[in-house]
Amino acid sequence: MLNEWSSNLWIVIEFIIVSVVIWYICDYFYVAYSVYNRPRGFDADHCYLVTIQELTDKSPDFIPDRSQDEMVQDRLTIIERLRQMPEVEVASYSANSYPYNNNNGSFQAMYDSIGGYGINRDAEPDFVRVFRYHGVNGESPEQLAEELRQGKCLMSETFFSSRKPELAVSRLDKSKIYTQNDSAFGEKIGTAVFPVRYSDYSTFNSFILFPTSSLLWCNELCIRVKDNMDKDIVEKIMKEGQNRFHVGNYIVTDVTSFDDIRERYQTEESEQLRNYSAGMAFLLFNIFLGLLGTFWFRTQQRVQEVALRKVTGATSGMVFSRLISEGLLMLAIATPFAVGLDILIAHYELNQYLDGYLVWNRLAICAIVTVCLMAVMVIAGILFPAMIARKVQPAEALKDE
Amino acid sequence: MKQIFNELKQQPLISTITVVGTALAIFLIMVVVMIQQVKIADFAPESNRSRMLHWKYGSITHESWADDDSANGAMSYKTIRELFGDLETVETVTAYQVFSETQSAAAKGEMSVSIKTRPTDANFFKVFDYTFIEGAPFTEADFRSALPKAVINESTARKVFKSTDVVGREILLNMTPFQVVGVVKDVSKLASIAYADVWIPFTTVGVDTQEWTNGHMGMLSVTLLAPSRSDFPKVRDELARRLAALNTTMKETDGYRFISRNRPYDQEKQATGTVWANVEPDLQKARREKWIVYLILIIVPAINLSSMTRSRLRKRTAEIGVRRAFGASSAQITAALVLENLVVTLIAGAVGLLLCLLFAWLCAPYLWSTSGLKVNFSMIVRWSTFGWALLFCFVLNLLCSLLPAWRSSRESIVSSLSGVNR
């Protein structure tokens with residue numbers, strides 16, 4: 001080992017750099033996986049977005065001078081007809097509220113002197129049944145819908161802080177919650193609701209949901225279809241889009257499943273994950289090739305040394321395990337330095353954020369995975385040259401000596 | 001040269017590993033470049049991306065609002081005329097609805113299909129060069145008179161009419177009759193502004209009258225086409241003056257004020273942008289991340305190759321000793337070894353490029369598969385990619401051969417010839 005210090009030092013440096021790169025990618029995956037698997041706070045399976053459009057005065061079917069009351073009635077007729085379909089479990093109008101949606105406004109409120117904010121959602125009470133929101137104490141979507149019907153609004157548990165449990169909405173004295181325009185705002189707040197994440201890759205989950213004051217503001221119509229009744233629902237609604245669902249000046253122009261909406265919304269994140277996976281596979285393969293090449297020459301150059309060892313009694317197995325151990329020893333030497341660099345990267349917040357940058361248990365898990373991956377590559381890279389080395393015939397190798 | 005190829009033949013395994021390692025590195029970095037390029041490269045109908053400046057959203061605040069309060073979103077037609085009307089430094093300005101919308105399309109008496117419609121002005125077709133299979137775009141006069149005319153893409157024509165020869169026919173969009181004036185080739189979703197199935201004058205659907213925040217905000221975005229990139233500072237200056245004048249007028253009339261957030265953005269900044277209208281895209285951060293990725297993709301293979309080169313050269317210390325004994329200088333030997341390595345790297349580079357081209361040809365439609373996008377070969381493979389490949393070969397070669405070659409050439413002749421290594 002020491003005789004080869006110069007070239008070994010080079011390999012150790014290589015191990016350190018590669019280890020840091022692999023750790024960084026592991027950390028990225030760890031964060032992405034953890035965030036993805038955290039509770040979303042909503043269930044969009046079997047849910048569909050029904051697009052409603054208004055005819056313009058250029059359409060021969062346009063009814064002029066429609067009053068606001070008539071327009072509201074038209075909208076109610078459409079949703080009622082949807083509810084009557086045997087497949088539809090529940091339907092609701094909402095504004096800037098459905099998941100995987102960039103349209104939003106925010107709402108600010110104060111608790112004593114502490115400010116909080118979240119996404120402002122306006123919806124019909126049944127909205128919480130469509131996406132199956134739950135209260136923090138296990139309240140069902142139906143119970144939450146009932147509170148909305150009574151005029152209460154629903155605040156996410158994390159409205160004032162997602163990190164300080166003492167500021168969880170369910171623990172607060174609601175009478176101390178107020179807004180700029182309403183000092184008694186706290187009285188309108190109902191049950192604290194389980195946080196609802198913005199999307200599968202986002203940790204932001206603070207919101208307030210108001211029962212909508214006007215259906216005319218609602219630009220979304222979402223439905224939940226009964227389990228196992230999704231088949232042909234899109235075609236069925238679309239077929240009636242300009243007949244049964246043409247009410248007043250409204251028509252249904254599109255029905256999209258939330259599976260598709262989710263996929264479209266998260267395209268960039270999904271593609272980035274896939275690209276990182278490909279990049280990691282490439283780097284590992286490259287390291288394998290590099291080690292294979294390096295150890296190939298090393299072993300070739302050390303044929304005489306190996307032969308000498310054999311002459312002095314070393315078995316083929318001992319030669320083999322010696323070469324592998326050398327690689328692993330170098331990895332062991334490189335690892336503390338690499339972990340030091342990992343800590344430095346996390347300290348300077350250059351990695352991913354998930355409850356902090358330098359989180360020790362996450363760092364440990366990712367470092368262990370990195371070492372294991374590196375060890376596999378080291379063994380794979382040395383295996384072939386080492387197998388050649390164990391077959392060295394001492395008489396042949398030492399004939400020049 | 002002959003010696004280099006003999007050297008390669010003598011060590012088939014190592015030669016293969018070196019070539020495969022380098023080729024893979026070049027292949028991967030090329031793919032990364034291709035993925036990046038799709039967002040900013042010129043391709044039809046966004047052929048002028050390099051000359052475009054975008055003002056997708058406006059940001060507005062009011063003197064009675066808190067300091068950091070703002071409303072962010074698309075702008076009204078009124079604002080667009082005041083801010084972008086008759087600009088002197090740009091070639092063309094186009095305004096279009098910020099998002100395309102899902103509408104129903106049908107031939108009279110037929111079942112309808114869902115399509116994406118983008119309401120635009122007439123200049124839209126001057127800024128974006130669609131390939132017309134039939135007909136022509138709607139005109140400025142059509143736009144001003146709000147005549148229901150539509151340009152549709154090939155797929156919609158086939159879905160609705162089962163033919164592309166449909167100019168002059170009537171298409172029902174949201175049950176409203178429009179006359180088809182042109183049929184264009186389908187557009188990839190990667191052309192995020194130009195993409196839609198149907199384009200209609202926004203005056204026909206009332207987008208020009210949809211406004212809020214006292215008439216300042218609405219449904220429209222703007223793209224400016226400058227004569228060249230070098231004119232961008234002039235355009236920005238003119239827009240800054242316009243914005244300042246507009247803000248002065250607004251302050252006097254209703255107390256509102258637009259915040260520029262350093263708009264307009266060029267294609268790179270626009271593509272970097274988050275979906276949020278209230279945040280200025282962090283181009284520096286995006287660039288830094290891009291360079292870190294490139295750096296990692298260069299450094300890891302370079303270290304590996306360097307390590308291999310070093311091992312390979314150690315085997316040849318005796319040969320180097322002989323060369324030096326016969327009068328070759330360190331510099332000559334270093335140059336010869338670097339050149340030798342450059343040849344190997346170039347061979348690998350060629351293999352990498354071939355792999356890359358093959359990949360683009362076979363896999364381009366699947367590379368962006370999660371987006372269901374149409375990508376074609378010409379969109380992602382361009383001459384600059386070849387330039388990148390060559391530069392990458394050169395950098396990789398220097399990184400992995402210079403130091404080992406220099407060290408080998410500085411070995412003392414005696415120790416080289418005796419095979420003693422440091």
# chains A, B, ... in the order shown; residues from 1 in each chain; ligands from 1
call {"tool": "residues_around", "arguments": {"residues": "His216 in chain B", "least_positions_apart": "4", "cutoff": "7 Å", "atoms": "only C-alpha atoms", "output": "PyMOL selection string"}}
result
chain B and resi 75-76+78-79+211-212
call {"tool": "closest_atom_pairs", "arguments": {"of": "chain A", "to": "chain B", "cutoff": "7 Å", "atoms": "only C-alpha atoms", "output": "CSV"}}
result
residue,atom,partner,partner_atom,distance
A:Glu14,CA,B:Ile303,CA,6.2
A:Val18,CA,B:Val300,CA,6.5
A:Leu55,CA,B:Asn174,CA,6.5
A:Thr56,CA,B:Val205,CA,6.4
A:Lys58,CA,B:Thr176,CA,6.2
A:Ser59,CA,B:Thr176,CA,4.1
A:Pro60,CA,B:Thr176,CA,6.9
A:Thr253,CA,B:Ser104,CA,5.0
A:Asp254,CA,B:Ser114,CA,5.9
A:Arg264,CA,B:Ser371,CA,6.5
A:Thr267,CA,B:Ser371,CA,5.9
A:Asn286,CA,B:Gly21,CA,6.0
A:Ile287,CA,B:Asn304,CA,6.7
A:Leu289,CA,B:Ile17,CA,6.3
A:Gly290,CA,B:Asn304,CA,4.5
A:Gly293,CA,B:Met308,CA,5.7
A:Thr294,CA,B:Met308,CA,4.9
A:Phe297,CA,B:Ser311,CA,5.7
A:Arg298,CA,B:Ser311,CA,6.8
call {"tool": "write_last_selection", "arguments": {"atoms": "C-alpha atoms", "output": "PDB file, in the first residue's frame"}}
result
ATOM      1  CA  GLU A  14     -10.984  10.476  -6.796  1.00  0.00           C
ATOM      2  CA  VAL A  18     -17.038  10.919  -6.443  1.00  0.00           C
ATOM      3  CA  LEU A  55     -71.028  31.417 -24.735  1.00  0.00           C
ATOM      4  CA  THR A  56     -70.221  34.804 -26.230  1.00  0.00           C
ATOM      5  CA  LYS A  58     -71.390  35.827 -31.275  1.00  0.00           C
ATOM      6  CA  SER A  59     -72.952  32.420 -30.736  1.00  0.00           C
ATOM      7  CA  PRO A  60     -76.436  31.888 -32.211  1.00  0.00           C
ATOM      8  CA  THR A 253     -66.134  21.892 -22.874  1.00  0.00           C
ATOM      9  CA  ASP A 254     -63.769  19.467 -21.197  1.00  0.00           C
ATOM     10  CA  ARG A 264     -48.969  17.764 -16.351  1.00  0.00           C
ATOM     11  CA  THR A 267     -43.782  17.326 -15.440  1.00  0.00           C
ATOM     12  CA  ASN A 286     -18.061   5.683 -15.046  1.00  0.00           C
ATOM     13  CA  ILE A 287     -16.493   5.041 -11.656  1.00  0.00           C
ATOM     14  CA  LEU A 289     -14.887   1.797 -15.660  1.00  0.00           C
ATOM     15  CA  GLY A 290     -12.291   4.052 -14.056  1.00  0.00           C
ATOM     16  CA  GLY A 293      -8.932   0.551 -15.914  1.00  0.00           C
ATOM     17  CA  THR A 294      -6.783   1.746 -13.037  1.00  0.00           C
ATOM     18  CA  PHE A 297      -2.728  -1.591 -14.961  1.00  0.00           C
ATOM     19  CA  ARG A 298      -1.832  -1.710 -11.296  1.00  0.00           C
TER      20      ARG A 298
END
call {"tool": "closest_residue", "arguments": {"among": "A:Val35, A:Cys222, A:Val376, A:Cys47", "to": "Asp200 in chain A", "atoms": "only C-alpha atoms"}}
result
A:Val35
call {"tool": "select_by_dssp", "arguments": {"residues": "range 219-371 of chain A", "states": "strand (DSSP E)", "output": "PyMOL selection string"}}
result
chain A and resi 220-225+250-257
call {"tool": "residues_around", "arguments": {"residues": "Gly340 in chain A", "least_positions_apart": "6", "cutoff": "12 Å", "atoms": "only C-alpha atoms", "output": "ChimeraX atom specification"}}
result
/A:16-17,19-20,23,334,346-347,363-364,367
call {"tool": "write_last_selection", "arguments": {"atoms": "N, CA and C atoms", "output": "tab-separated table (two decimals), in the first residue's frame"}}
result
chain	number	residue	atom	x	y	z
A	16	ILE	N	-12.93	10.60	-2.94
A	16	ILE	CA	-13.53	11.68	-2.15
A	16	ILE	C	-14.49	12.48	-3.03
A	17	ILE	N	-14.02	12.87	-4.22
A	17	ILE	CA	-14.86	13.71	-5.09
A	17	ILE	C	-16.11	12.95	-5.52
A	19	SER	N	-17.48	10.41	-4.12
A	19	SER	CA	-18.35	10.14	-2.97
A	19	SER	C	-19.23	11.36	-2.66
A	20	VAL	N	-18.64	12.56	-2.75
A	20	VAL	CA	-19.42	13.77	-2.47
A	20	VAL	C	-20.54	13.92	-3.51
A	23	TRP	N	-23.19	11.37	-2.77
A	23	TRP	CA	-23.93	11.76	-1.58
A	23	TRP	C	-24.94	12.85	-1.93
A	334	ALA	N	-10.89	7.45	2.38
A	334	ALA	CA	-11.51	8.61	1.69
A	334	ALA	C	-12.80	9.05	2.38
A	346	ALA	N	-23.75	20.87	3.39
A	346	ALA	CA	-25.03	21.04	4.09
A	346	ALA	C	-25.00	22.28	4.97
A	347	HIS	N	-23.82	22.53	5.59
A	347	HIS	CA	-23.69	23.71	6.44
A	347	HIS	C	-23.93	24.99	5.65
A	363	LEU	N	-28.20	12.95	6.91
A	363	LEU	CA	-26.81	12.92	6.45
A	363	LEU	C	-26.21	11.53	6.63
A	364	ALA	N	-26.50	10.92	7.80
A	364	ALA	CA	-25.95	9.60	8.09
A	364	ALA	C	-26.49	8.57	7.11
A	367	ALA	N	-24.98	9.13	3.72
A	367	ALA	CA	-23.56	8.79	3.70
A	367	ALA	C	-23.37	7.27	3.66
call {"tool": "closest_residue", "arguments": {"among": "A:Ala338, A:Ile379, A:Leu373, A:Cys26", "to": "Val12 in chain A", "atoms": "only C-alpha atoms"}}
result
A:Ala338
call {"tool": "atom_distance", "arguments": {"atom1": "CA of Ala136 in chain B", "atom2": "CA of Ser100 in chain B"}}
result
20.8 Å
call {"tool": "residues_around", "arguments": {"residues": "Arg132 in chain A", "least_positions_apart": "4", "cutoff": "6 Å", "atoms": "only C-alpha atoms", "output": "PyMOL selection string"}}
result
chain A and resi 42-43+128+141
call {"tool": "atom_distance", "arguments": {"atom1": "CA of Ile200 in chain B", "atom2": "CA of Tyr265 in chain A"}}
result
25.7 Å
call {"tool": "residues_around", "arguments": {"residues": "Phe207 in chain A", "least_positions_apart": "3", "cutoff": "7 Å", "atoms": "only C-alpha atoms", "output": "PyMOL selection string"}}
result
chain A and resi 118-120+155-156+159
call {"tool": "closest_residue", "arguments": {"among": "A:Glu305, A:Ala44, A:Gly279, A:Ala375", "to": "Ser325 in chain A", "atoms": "only C-alpha atoms"}}
result
A:Ala375
call {"tool": "residues_around", "arguments": {"residues": "Tyr250 in chain A", "least_positions_apart": "6", "cutoff": "7 Å", "atoms": "only C-alpha atoms", "output": "VMD selection string"}}
result
chain A and resid 52 to 55
call {"tool": "write_last_selection", "arguments": {"atoms": "C-alpha atoms", "output": "compact mmCIF listing (two decimals), in the first residue's frame"}}
result
# COMPACT_ATOMS: atom_id res chain seq x y z
CA ILE A 52 -67.44 25.10 -18.01
CA GLN A 53 -67.37 27.93 -20.53
CA GLU A 54 -69.72 30.77 -21.23
CA LEU A 55 -71.03 31.42 -24.73
call {"tool": "atom_distance", "arguments": {"atom1": "CA of Gly190 in chain A", "atom2": "CA of Met110 in chain A"}}
result
16.1 Å
call {"tool": "residues_around", "arguments": {"residues": "Ser183 in chain A", "least_positions_apart": "5", "cutoff": "12 Å", "atoms": "only C-alpha atoms", "output": "PyMOL selection string"}}
result
chain A and resi 109-112+174-178+188
call {"tool": "write_last_selection", "arguments": {"atoms": "N, CA and C atoms", "output": "PDB file, in the first residue's frame"}}
result
ATOM      1  N   ALA A 109     -53.549  36.516   8.460  1.00  0.00           N
ATOM      2  CA  ALA A 109     -54.261  36.710   9.725  1.00  0.00           C
ATOM      3  C   ALA A 109     -53.224  36.816  10.839  1.00  0.00           C
ATOM      4  N   MET A 110     -53.645  37.314  11.972  1.00  0.00           N
ATOM      5  CA  MET A 110     -52.713  37.492  13.090  1.00  0.00           C
ATOM      6  C   MET A 110     -53.209  36.688  14.295  1.00  0.00           C
ATOM      7  N   TYR A 111     -52.262  36.176  15.062  1.00  0.00           N
ATOM      8  CA  TYR A 111     -52.587  35.585  16.367  1.00  0.00           C
ATOM      9  C   TYR A 111     -51.738  36.347  17.381  1.00  0.00           C
ATOM     10  N   ASP A 112     -52.346  37.123  18.230  1.00  0.00           N
ATOM     11  CA  ASP A 112     -51.586  38.072  19.058  1.00  0.00           C
ATOM     12  C   ASP A 112     -50.719  38.917  18.138  1.00  0.00           C
ATOM     13  N   LYS A 174     -58.825  30.715  19.798  1.00  0.00           N
ATOM     14  CA  LYS A 174     -59.255  31.311  18.527  1.00  0.00           C
ATOM     15  C   LYS A 174     -59.726  32.747  18.662  1.00  0.00           C
ATOM     16  N   SER A 175     -60.139  33.129  19.879  1.00  0.00           N
ATOM     17  CA  SER A 175     -60.638  34.505  20.034  1.00  0.00           C
ATOM     18  C   SER A 175     -59.514  35.524  19.823  1.00  0.00           C
ATOM     19  N   LYS A 176     -58.258  35.045  19.860  1.00  0.00           N
ATOM     20  CA  LYS A 176     -57.134  35.976  19.671  1.00  0.00           C
ATOM     21  C   LYS A 176     -56.702  36.075  18.209  1.00  0.00           C
ATOM     22  N   ILE A 177     -57.419  35.353  17.337  1.00  0.00           N
ATOM     23  CA  ILE A 177     -57.072  35.438  15.911  1.00  0.00           C
ATOM     24  C   ILE A 177     -57.889  36.566  15.274  1.00  0.00           C
ATOM     25  N   TYR A 178     -57.217  37.433  14.555  1.00  0.00           N
ATOM     26  CA  TYR A 178     -57.916  38.564  13.931  1.00  0.00           C
ATOM     27  C   TYR A 178     -57.261  38.912  12.595  1.00  0.00           C
ATOM     28  N   LYS A 188     -65.144  32.973  13.498  1.00  0.00           N
ATOM     29  CA  LYS A 188     -65.636  32.322  12.267  1.00  0.00           C
ATOM     30  C   LYS A 188     -64.854  31.053  11.934  1.00  0.00           C
TER      31      LYS A 188
END
call {"tool": "closest_residue", "arguments": {"among": "B:Met217, B:Ala122, B:Val222, B:Ala44", "to": "Asp186 in chain B", "atoms": "only C-alpha atoms"}}
result
B:Ala44
call {"tool": "closest_residue", "arguments": {"among": "B:Ile347, B:Leu220, B:Ala360, B:Ala335", "to": "Ser408 in chain B", "atoms": "only C-alpha atoms"}}
result
B:Ala335
